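Content type TSV, C-alpha atoms, from the file final09.tsv:
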chain	number	residue	atom	x	y	z
A	1	MET	CA	-3.77	22.59	13.84
A	2	ALA	CA	-1.28	19.78	14.46
A	3	PRO	CA	-1.14	18.38	18.02
A	4	HIS	CA	1.92	18.90	20.18
A	5	LEU	CA	4.65	16.31	19.89
A	6	VAL	CA	6.82	15.34	22.86
A	7	LEU	CA	10.05	13.79	21.57
A	8	PRO	CA	12.91	12.47	23.66
A	9	GLU	CA	15.89	14.81	23.68
A	10	PRO	CA	17.80	15.74	21.58
A	11	PHE	CA	15.55	14.85	18.61
A	12	THR	CA	13.50	17.44	16.73
A	13	ALA	CA	10.58	17.20	14.32
A	14	ARG	CA	8.81	19.20	11.64
A	15	PRO	CA	6.19	18.52	8.95
A	16	ALA	CA	7.41	16.53	5.96
A	17	THR	CA	7.61	18.04	2.49
A	18	THR	CA	8.23	16.53	-0.92
A	19	ALA	CA	11.84	17.69	-0.59
A	20	ASP	CA	12.19	15.02	2.11
A	21	VAL	CA	11.19	12.19	-0.21
A	22	PRO	CA	14.75	10.97	-1.03
A	23	ALA	CA	15.76	10.89	2.66
A	24	VAL	CA	12.50	9.21	3.71
A	25	HIS	CA	12.90	6.68	0.91
A	26	ALA	CA	16.39	5.85	2.19
A	27	LEU	CA	15.00	5.43	5.72
A	28	VAL	CA	12.15	3.18	4.60
A	29	GLY	CA	14.60	1.20	2.47
A	30	ALA	CA	16.81	0.63	5.53
A	31	VAL	CA	13.81	-0.63	7.50
A	32	GLU	CA	12.80	-2.97	4.68
A	33	ARG	CA	16.31	-4.32	4.23
A	34	GLU	CA	16.51	-5.13	7.93
A	35	LEU	CA	13.14	-6.89	7.94
A	36	LEU	CA	13.03	-8.35	4.42
A	37	GLY	CA	16.57	-8.30	3.07
A	38	ARG	CA	15.54	-6.05	0.14
A	39	THR	CA	13.96	-2.70	-0.68
A	40	GLU	CA	10.41	-2.86	-2.01
A	41	THR	CA	9.04	0.67	-1.66
A	42	GLY	CA	9.66	3.14	-4.48
A	43	ALA	CA	10.41	6.80	-3.86
A	44	ASP	CA	7.26	7.65	-5.80
A	45	GLY	CA	5.26	5.67	-3.25
A	46	ILE	CA	6.57	7.96	-0.51
A	47	GLU	CA	5.68	11.01	-2.57
A	48	ALA	CA	2.20	9.65	-3.30
A	49	SER	CA	1.58	9.15	0.42
A	50	LEU	CA	2.52	12.76	1.17
A	51	THR	CA	0.53	14.29	-1.70
A	52	ARG	CA	-2.61	12.16	-1.72
A	53	PRO	CA	-5.88	14.13	-1.56
A	54	GLY	CA	-7.21	14.19	1.99
A	55	LEU	CA	-3.77	14.34	3.61
A	56	ASP	CA	-2.41	17.77	4.54
A	57	ALA	CA	1.32	17.21	4.99
A	58	ALA	CA	1.61	20.42	7.05
A	59	VAL	CA	-0.43	18.88	9.88
A	60	ASP	CA	-0.65	15.17	8.98
A	61	SER	CA	3.04	14.28	8.63
A	62	LEU	CA	6.30	14.55	10.53
A	63	VAL	CA	9.99	13.89	9.96
A	64	VAL	CA	12.27	13.47	12.99
A	65	HIS	CA	15.95	14.41	12.94
A	66	ALA	CA	18.96	13.82	15.16
A	67	PRO	CA	21.15	16.83	16.12
A	68	ASP	CA	23.47	16.11	13.19
A	69	GLY	CA	20.53	16.39	10.77
A	70	GLN	CA	20.20	12.67	10.16
A	71	LEU	CA	16.63	11.54	9.49
A	72	THR	CA	15.64	9.12	12.25
A	73	ALA	CA	11.90	8.58	11.68
A	74	TRP	CA	8.82	9.73	9.86
A	75	ALA	CA	5.06	9.40	10.30
A	76	TRP	CA	1.84	10.30	8.53
A	77	ILE	CA	-1.87	10.00	9.24
A	78	ASN	CA	-4.59	10.03	6.59
A	79	ARG	CA	-8.06	11.39	7.36
A	80	GLY	CA	-7.52	10.65	11.05
A	81	ARG	CA	-7.97	6.92	10.46
A	82	ARG	CA	-4.85	5.36	8.97
A	83	ALA	CA	-1.32	6.05	10.11
A	84	GLN	CA	2.19	4.87	9.29
A	85	ILE	CA	5.33	5.16	11.42
A	86	ASP	CA	8.86	4.14	10.43
A	87	VAL	CA	11.89	4.47	12.71
A	88	ALA	CA	15.41	3.96	11.35
A	89	PRO	CA	16.93	0.74	12.72
A	90	ALA	CA	19.88	2.65	14.25
A	91	PHE	CA	17.54	4.85	16.30
A	92	ARG	CA	15.18	2.33	17.81
A	93	GLY	CA	14.94	2.11	21.57
A	94	HIS	CA	15.02	5.88	22.10
A	95	GLY	CA	11.25	6.28	22.49
A	96	ILE	CA	10.75	7.92	19.09
A	97	GLY	CA	8.17	5.38	17.95
A	98	SER	CA	6.16	5.80	21.14
A	99	ALA	CA	6.21	9.59	20.77
A	100	LEU	CA	5.04	9.38	17.16
A	101	LEU	CA	2.27	6.95	18.14
A	102	ASP	CA	1.12	9.48	20.75
A	103	TRP	CA	1.14	12.15	18.05
A	104	THR	CA	-0.91	10.09	15.57
A	105	GLU	CA	-3.49	9.29	18.26
A	106	ALA	CA	-3.71	12.96	19.23
A	107	ARG	CA	-4.14	13.96	15.60
A	108	ALA	CA	-6.89	11.36	15.16
A	109	ALA	CA	-8.68	12.72	18.23
A	110	GLU	CA	-8.27	16.25	16.92
A	111	VAL	CA	-10.14	15.48	13.71
A	112	GLY	CA	-12.88	13.69	15.65
A	113	THR	CA	-12.33	9.99	14.94
A	114	ASP	CA	-12.58	7.38	17.67
A	115	TRP	CA	-10.18	4.78	16.29
A	116	LEU	CA	-6.84	4.60	14.51
A	117	ALA	CA	-5.36	1.82	12.39
A	118	GLN	CA	-1.74	1.05	11.54
A	119	ASN	CA	-0.23	-1.62	9.33
A	120	VAL	CA	2.82	-3.43	10.74
A	121	ASP	CA	5.00	-6.07	9.12
A	122	ASP	CA	4.68	-9.32	11.02
A	123	LYS	CA	8.48	-9.47	11.29
A	124	ASP	CA	8.51	-6.11	13.09
A	125	ARG	CA	8.35	-7.36	16.67
A	126	ALA	CA	9.05	-3.98	18.24
A	127	GLY	CA	6.26	-2.26	16.34
A	128	THR	CA	3.86	-5.10	17.07
A	129	GLU	CA	4.68	-5.08	20.78
A	130	LEU	CA	4.25	-1.31	20.99
A	131	LEU	CA	0.76	-1.40	19.49
A	132	ARG	CA	-0.23	-4.41	21.57
A	133	SER	CA	0.93	-2.63	24.73
A	134	ARG	CA	-1.42	0.25	23.87
A	135	GLY	CA	-4.41	-2.05	23.54
A	136	TYR	CA	-4.49	-2.22	19.75
A	137	GLU	CA	-6.28	-5.28	18.37
A	138	VAL	CA	-6.07	-7.12	15.07
A	139	LEU	CA	-8.35	-5.58	12.46
A	140	ALA	CA	-7.20	-7.40	9.32
A	141	LYS	CA	-4.34	-9.25	7.64
A	142	ASN	CA	-2.48	-8.54	4.41
A	143	TRP	CA	-0.55	-11.14	2.45
A	144	GLN	CA	2.09	-10.57	-0.17
A	145	LEU	CA	1.81	-13.31	-2.78
A	146	GLU	CA	4.31	-14.38	-5.39
A	147	MET	CA	4.41	-16.56	-8.46
A	148	PRO	CA	7.44	-17.47	-10.60
A	149	VAL	CA	6.91	-15.93	-14.03
A	150	ALA	CA	8.67	-18.82	-15.77
A	151	GLU	CA	5.81	-21.14	-14.81
A	152	VAL	CA	3.02	-18.99	-16.23
A	153	SER	CA	1.17	-19.72	-19.47
A	154	VAL	CA	-1.51	-17.47	-20.97
A	155	GLU	CA	-4.99	-18.90	-21.63
A	156	LEU	CA	-7.39	-16.11	-22.53
A	157	PRO	CA	-11.06	-17.14	-22.10
A	158	GLU	CA	-13.27	-16.92	-25.18
A	159	GLY	CA	-15.14	-13.68	-25.65
A	160	PHE	CA	-12.50	-11.35	-24.21
A	161	THR	CA	-9.86	-9.17	-25.81
A	162	VAL	CA	-6.85	-7.88	-23.90
A	163	ARG	CA	-4.37	-5.09	-24.60
A	164	PRO	CA	-2.16	-2.71	-22.60
A	165	PHE	CA	-3.74	0.10	-20.59
A	166	GLN	CA	-4.32	3.38	-22.43
A	167	PRO	CA	-4.53	6.80	-20.72
A	168	ASP	CA	-8.08	7.45	-21.95
A	169	GLU	CA	-9.23	4.35	-20.05
A	170	ALA	CA	-8.31	5.80	-16.65
A	171	ARG	CA	-11.85	6.71	-15.59
A	172	ALA	CA	-13.24	3.35	-16.68
A	173	ALA	CA	-10.45	1.52	-14.85
A	174	TYR	CA	-11.13	3.58	-11.73
A	175	GLN	CA	-14.84	2.70	-11.87
A	176	LEU	CA	-14.11	-0.99	-12.39
A	177	ILE	CA	-11.59	-1.23	-9.56
A	178	GLU	CA	-13.49	0.85	-7.00
A	179	ASP	CA	-16.71	-1.03	-7.77
A	180	ALA	CA	-14.88	-4.30	-7.08
A	181	PHE	CA	-13.22	-2.96	-3.94
A	182	ASP	CA	-16.53	-1.53	-2.67
A	183	GLU	CA	-17.41	-5.09	-1.72
A	184	TRP	CA	-14.97	-4.91	1.18
A	185	GLN	CA	-13.31	-1.50	1.63
A	186	PRO	CA	-14.84	0.94	4.17
A	187	ARG	CA	-14.44	4.05	2.02
A	188	ARG	CA	-14.56	4.59	-1.72
A	189	LYS	CA	-11.63	6.65	-2.98
A	190	SER	CA	-12.22	9.68	-5.15
A	191	TYR	CA	-10.84	9.46	-8.66
A	192	GLU	CA	-8.13	11.98	-7.73
A	193	GLU	CA	-6.94	9.95	-4.74
A	194	TRP	CA	-7.06	6.66	-6.65
A	195	ALA	CA	-5.10	8.14	-9.55
A	196	ARG	CA	-2.48	9.71	-7.28
A	197	LEU	CA	-1.81	6.34	-5.64
A	198	SER	CA	-1.72	4.34	-8.86
A	199	ILE	CA	-1.61	5.59	-12.44
A	200	GLU	CA	0.01	8.97	-11.61
A	201	ARG	CA	2.99	7.34	-9.92
A	202	ALA	CA	6.28	7.46	-11.80
A	203	SER	CA	6.59	3.69	-11.46
A	204	PHE	CA	3.23	2.98	-13.11
A	205	ALA	CA	3.88	0.76	-16.13
A	206	PRO	CA	0.98	1.07	-18.61
A	207	ALA	CA	2.66	-1.16	-21.18
A	208	LEU	CA	2.81	-3.94	-18.58
A	209	SER	CA	-0.77	-3.39	-17.35
A	210	PRO	CA	-3.26	-5.56	-19.28
A	211	VAL	CA	-6.91	-4.51	-19.51
A	212	ALA	CA	-9.70	-6.78	-20.75
A	213	PHE	CA	-12.79	-6.00	-22.79
A	214	ALA	CA	-16.04	-7.82	-23.49
A	215	GLY	CA	-18.45	-6.33	-26.00
A	216	GLY	CA	-16.42	-3.14	-26.06
A	217	GLU	CA	-16.70	-2.63	-22.27
A	218	LEU	CA	-13.77	-2.67	-19.84
A	219	VAL	CA	-14.37	-5.68	-17.58
A	220	GLY	CA	-10.95	-6.49	-16.14
A	221	ALA	CA	-7.62	-4.86	-15.34
A	222	ALA	CA	-4.26	-5.62	-13.76
A	223	LEU	CA	-2.45	-2.34	-13.12
A	224	CYS	CA	1.27	-2.85	-12.59
A	225	LEU	CA	4.20	-0.92	-11.12
A	226	ASP	CA	7.88	-1.21	-11.96
A	227	LEU	CA	9.36	-1.05	-8.44
A	228	PRO	CA	13.01	-1.11	-7.22
A	229	ASP	CA	13.30	-4.84	-6.58
A	230	PRO	CA	15.15	-6.23	-9.65
A	231	ASP	CA	13.54	-9.65	-9.31
A	232	ASP	CA	9.87	-8.77	-8.86
A	233	GLY	CA	7.13	-7.44	-11.10
A	234	TYR	CA	4.36	-5.92	-9.00
A	235	VAL	CA	0.60	-5.85	-9.59
A	236	GLU	CA	-0.79	-2.85	-7.72
A	237	GLN	CA	-4.47	-3.59	-8.40
A	238	VAL	CA	-6.34	-6.36	-10.15
A	239	ALA	CA	-10.09	-6.53	-10.63
A	240	VAL	CA	-12.70	-8.26	-12.76
A	241	ARG	CA	-16.25	-7.00	-13.09
A	242	LYS	CA	-18.61	-9.06	-10.95
A	243	ASP	CA	-20.68	-10.45	-13.82
A	244	GLN	CA	-17.53	-11.70	-15.60
A	245	ARG	CA	-15.93	-13.58	-12.72
A	246	GLY	CA	-15.45	-17.32	-12.63
A	247	ARG	CA	-14.40	-17.53	-16.28
A	248	GLY	CA	-10.63	-17.47	-15.85
A	249	LEU	CA	-10.12	-13.80	-16.70
A	250	ALA	CA	-8.16	-12.93	-13.54
A	251	ARG	CA	-5.79	-15.81	-14.22
A	252	ALA	CA	-5.28	-14.63	-17.79
A	253	LEU	CA	-4.62	-11.02	-16.74
A	254	LEU	CA	-2.01	-12.10	-14.19
A	255	ALA	CA	-0.40	-14.45	-16.72
A	256	ILE	CA	-0.16	-11.66	-19.30
A	257	ALA	CA	1.34	-9.31	-16.70
A	258	ALA	CA	3.81	-12.04	-15.70
A	259	ARG	CA	4.81	-12.57	-19.33
A	260	GLY	CA	5.54	-8.87	-19.69
A	261	PHE	CA	7.68	-8.76	-16.58
A	262	ARG	CA	9.52	-11.91	-17.62
A	263	ALA	CA	10.50	-10.16	-20.86
A	264	GLN	CA	12.08	-7.46	-18.68
A	265	GLY	CA	14.15	-10.00	-16.77
A	266	LYS	CA	11.97	-10.27	-13.68
A	267	HIS	CA	11.65	-13.62	-11.94
A	268	ASN	CA	8.47	-13.28	-9.88
A	269	LEU	CA	5.05	-11.69	-10.07
A	270	THR	CA	3.89	-10.24	-6.74
A	271	LEU	CA	0.78	-8.60	-5.35
A	272	TRP	CA	-0.91	-7.89	-2.03
A	273	THR	CA	-4.33	-9.10	-0.91
A	274	HIS	CA	-6.37	-8.17	2.14
A	275	SER	CA	-8.22	-10.58	4.45
A	276	ASP	CA	-11.49	-8.72	3.95
A	277	THR	CA	-11.48	-9.50	0.22
A	278	GLY	CA	-11.60	-13.26	0.77
A	279	ALA	CA	-9.34	-13.58	-2.28
A	280	LEU	CA	-6.38	-15.42	-0.73
A	281	ALA	CA	-7.67	-18.88	-1.66
A	282	MET	CA	-8.40	-17.71	-5.21
A	283	TYR	CA	-4.85	-16.46	-5.70
A	284	GLU	CA	-3.47	-19.70	-4.28
A	285	ARG	CA	-5.58	-21.63	-6.80
A	286	LEU	CA	-4.01	-19.46	-9.49
A	287	GLY	CA	-0.60	-20.74	-8.46
A	288	MET	CA	0.51	-17.98	-6.10
A	289	SER	CA	1.97	-18.57	-2.64
A	290	VAL	CA	2.36	-16.38	0.45
A	291	ARG	CA	5.75	-14.71	0.74
A	292	ARG	CA	5.12	-12.57	3.83
A	293	SER	CA	2.35	-10.90	5.78
A	294	THR	CA	1.44	-7.76	7.66
A	295	THR	CA	-1.23	-7.07	10.27
A	296	VAL	CA	-3.53	-4.07	10.49
A	297	TYR	CA	-4.01	-3.12	14.14
A	298	ARG	CA	-6.77	-0.84	15.37
A	299	GLY	CA	-6.86	1.07	18.63
A	300	ARG	CA	-9.41	3.28	20.35
A	301	VAL	CA	-8.69	7.00	20.44
A	302	ARG	CA	-9.68	9.17	23.37
A	303	ALA	CA	-11.51	12.39	22.56
A	304	ALA	CA	-9.35	15.50	22.38
A	305	GLY	CA	-9.30	17.74	25.45

As structure tokens:
Amino acid sequence: MAPHLVLPEPFTARPATTADVPAVHALVGAVERELLGRTETGADGIEASLTRPGLDAAVDSLVVHAPDGQLTAWAWINRGRRAQIDVAPAFRGHGIGSALLDWTEARAAEVGTDWLAQNVDDKDRAGTELLRSRGYEVLAKNWQLEMPVAEVSVELPEGFTVRPFQPDEARAAYQLIEDAFDEWQPRRKSYEEWARLSIERASFAPALSPVAFAGGELVGAALCLDLPDPDDGYVEQVAVRKDQRGRGLARALLAIAARGFRAQGKHNLTLWTHSDTGALAMYERLGMSVRRSTTVYRGRVRAAG
């Protein structure tokens, strides 16, 4: 069962449902506009978070409302390990974020984990200070990289063929990407979870997602999303099979994706990379530069009871 939540008066909370997605999306958009000056998260990303396998929204999520019904905050925790908390800018300073952090830690303890991680934008000083005050330490860094699409030219290495993603390639793409990510990620996603967070999203753009073949085998992919920002084309996942790396295929896949987004009027190609991948220098060699960063903080969780 979900742990008890102690909110400051007069706020109330309940589990989130998919009916809350539009309101949560508006809240997250307000947070992003304050921090970044633009909205990056799509409504389908909110829905994917709430419906991903392994997360039971009835006990692993909350929405917080003011007496007039206005949504003031939301939170979720996945498998007792990863959590996310967003508080509307107009409602900061009321103790809502602290209460939700208590709740996520209690939920993590309830499912038997001994640590909890949260990702915070480096411009979010309040969120950073809150986690630091609780003894959370830096676990990893994430960087959002960008590249102007006007400067990209396509040079496909010899021996490869590239075309847009097709639905019947989903399982092969999953295998390719999770094999590549196994080199650094702590837990391999199931196909169902991977699909829910990527190719099943409404913003997934198969026509803009190049996949590469060598000898009839899928060896590279750049899966792309068409997100709200009118200027940016977004690469959700990019991977090249280990035995095919170092031949320029990643560069070609990103260039082809950039060309597709440029045809749609986008100005930049963006993607995220994680410090554990060691890929930041590679992307910088490909002509990308860091736009912004986030930090993953990890804290110890006391056993329940």

So that I can see what lies close to stretch 181-194 of chain A, please list as a short mmCIF file (atom, residue, chain, number, x, y, z; two decimals) with C-alpha atoms, in the frame of the given file the residues with an atom at most 8 Å from it, counting all atoms listed in the file and leaving out residues fewer than 2 positions away in the same chain.
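Dumped to part37.cif:
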data_model
loop_
_atom_site.label_atom_id
_atom_site.label_comp_id
_atom_site.auth_asym_id
_atom_site.auth_seq_id
_atom_site.Cartn_x
_atom_site.Cartn_y
_atom_site.Cartn_z
CA ARG A 52 -2.61 12.16 -1.72
CA PRO A 53 -5.88 14.13 -1.56
CA GLY A 54 -7.21 14.19 1.99
CA ARG A 171 -11.85 6.71 -15.59
CA TYR A 174 -11.13 3.58 -11.73
CA ILE A 177 -11.59 -1.23 -9.56
CA GLU A 178 -13.49 0.85 -7.00
CA ASP A 179 -16.71 -1.03 -7.77
CA ARG A 196 -2.48 9.71 -7.28
CA LEU A 197 -1.81 6.34 -5.64
CA SER A 198 -1.72 4.34 -8.86
CA ASP A 276 -11.49 -8.72 3.95
CA THR A 277 -11.48 -9.50 0.22
#

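Shortest separation to A:Lys266 among A:Leu156, A:Val120, A:Ala150, A:Leu286 occurs at residue A:Ala150, atoms counted being only C-alpha atoms.
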
For atom CA of A:Ala222 and atom CA of A:Asn268, determine how far apart the two atoms are, in Å to one decimal place.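 Separation of atom CA of A:Ala222 and atom CA of A:Asn268: 15.4 Å.
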
Length of the atom CA of A:Ser203 to atom CA of A:Asp44 vector [Å]: 6.9 Å

Select, from A:Val149, A:Ala172, A:Ala214, A:Leu50, the residue with the minimum atom-to-atom distance to A:Arg259, counting all atoms listed in the file.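 Closest candidate: A:Val149.
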
Gap from atom CA of A:Ala126 to atom CA of A:Val111 - Å, one decimal: 27.7 Å

Would you list the contacts of stretch 57-61 of chain A as number ranges by chain, taking every protein, DNA or RNA residue within 10 Å and counting all atoms listed in the file, but skipping same-chain residues closer than 2 positions in sequence? A: 1-3, 13-18, 49-52, 54-55, 63, 74-80, 83-85, 103-104, 107-108

Got a sec: who's within 8 Å of A:Phe261, counting only C-alpha atoms, leaving out chain neighbours fewer than 6 positions off, as a short mmCIF file (atom, residue, chain, number, x, y, z; two decimals) with C-alpha atoms, in the coordinates of the input?
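This is the output file result-v2.cif:
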data_model
loop_
_atom_site.label_atom_id
_atom_site.label_comp_id
_atom_site.auth_asym_id
_atom_site.auth_seq_id
_atom_site.Cartn_x
_atom_site.Cartn_y
_atom_site.Cartn_z
CA VAL A 149 6.91 -15.93 -14.03
CA LEU A 208 2.81 -3.94 -18.58
CA GLY A 233 7.13 -7.44 -11.10
CA HIS A 267 11.65 -13.62 -11.94
CA LEU A 269 5.05 -11.69 -10.07
#

Please write as a list of chain:residue names the list of polymer residues whose atoms come within 8 Å of (8.5, 10.3, -2.1), counting all atoms listed in the file and keeping to the coordinates of the file. A:Thr18, A:Asp20, A:Val21, A:Pro22, A:Val24, A:His25, A:Gly42, A:Ala43, A:Asp44, A:Gly45, A:Ile46, A:Glu47, A:Ala48, A:Ser49, A:Leu50

Shortest contact to A:Ala90, candidates A:Asn119, A:Thr72, A:Gln144, A:Gln264, atoms counted all atoms listed in the file, goes to A:Thr72

Let me make sure I understand: among A:Gly127, A:Gly260, A:Pro148, A:Gly69, which one has the smallest atom-to-atom distance to A:Pro164 if we use only C-alpha atoms?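 Of A:Gly127, A:Gly260, A:Pro148, A:Gly69, the one nearest A:Pro164, counting only C-alpha atoms, is A:Gly260.
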
Quick one: axis-aligned box around all listed atoms of stretch 97-106 of chain A, 6 Å on every side, centre and edge lengths in Å to one decimal, written as JSON.
{"center_x": 2.2, "center_y": 9.2, "center_z": 18.4, "size_x": 23.9, "size_y": 19.6, "size_z": 17.6}

Give me, as a PyMOL selection string, all polymer residues having an atom no more than 6 Å from stretch 234-247 of chain A, counting all atoms listed in the file and skipping those fewer than 4 positions away in the same chain. chain A and resi 177+219-225+269-271

Measuring atom to atom with all atoms listed in the file, identify which of A:Met288, A:Leu5, A:Val138, A:Ala258 is nearest to A:Asp102.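 Of the candidates, the smallest distance to A:Asp102 is held by A:Leu5.
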
What would the file be for stretch 184-195 of chain A if you keep N, CA and C atoms and write it as a short mmCIF file (atom, residue, chain, number, x, y, z; two decimals), in the first residue's frame?
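Below is the file out-v4.cif, written as the result:
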data_model
loop_
_atom_site.label_atom_id
_atom_site.label_comp_id
_atom_site.auth_asym_id
_atom_site.auth_seq_id
_atom_site.Cartn_x
_atom_site.Cartn_y
_atom_site.Cartn_z
N TRP A 184 26.24 0.23 -19.75
CA TRP A 184 26.31 1.21 -18.65
C TRP A 184 25.09 1.25 -17.77
N GLN A 185 23.90 0.86 -18.25
CA GLN A 185 22.70 1.01 -17.44
C GLN A 185 22.60 -0.12 -16.40
N PRO A 186 22.04 0.17 -15.20
CA PRO A 186 22.00 -0.84 -14.15
C PRO A 186 20.93 -1.91 -14.36
N ARG A 187 19.93 -1.64 -15.18
CA ARG A 187 18.84 -2.59 -15.35
C ARG A 187 18.36 -2.59 -16.80
N ARG A 188 18.28 -3.77 -17.37
CA ARG A 188 17.78 -3.90 -18.73
C ARG A 188 16.26 -3.79 -18.73
N LYS A 189 15.72 -2.94 -19.57
CA LYS A 189 14.27 -2.80 -19.67
C LYS A 189 13.68 -4.01 -20.40
N SER A 190 12.46 -4.36 -20.03
CA SER A 190 11.72 -5.34 -20.81
C SER A 190 11.32 -4.69 -22.13
N TYR A 191 10.97 -5.53 -23.09
CA TYR A 191 10.51 -4.96 -24.36
C TYR A 191 9.30 -4.07 -24.15
N GLU A 192 8.36 -4.49 -23.29
CA GLU A 192 7.14 -3.73 -23.06
C GLU A 192 7.44 -2.36 -22.48
N GLU A 193 8.36 -2.29 -21.53
CA GLU A 193 8.70 -0.99 -20.94
C GLU A 193 9.42 -0.11 -21.95
N TRP A 194 10.38 -0.69 -22.66
CA TRP A 194 11.10 0.08 -23.68
C TRP A 194 10.15 0.64 -24.72
N ALA A 195 9.24 -0.20 -25.21
CA ALA A 195 8.30 0.25 -26.24
C ALA A 195 7.39 1.34 -25.72
#
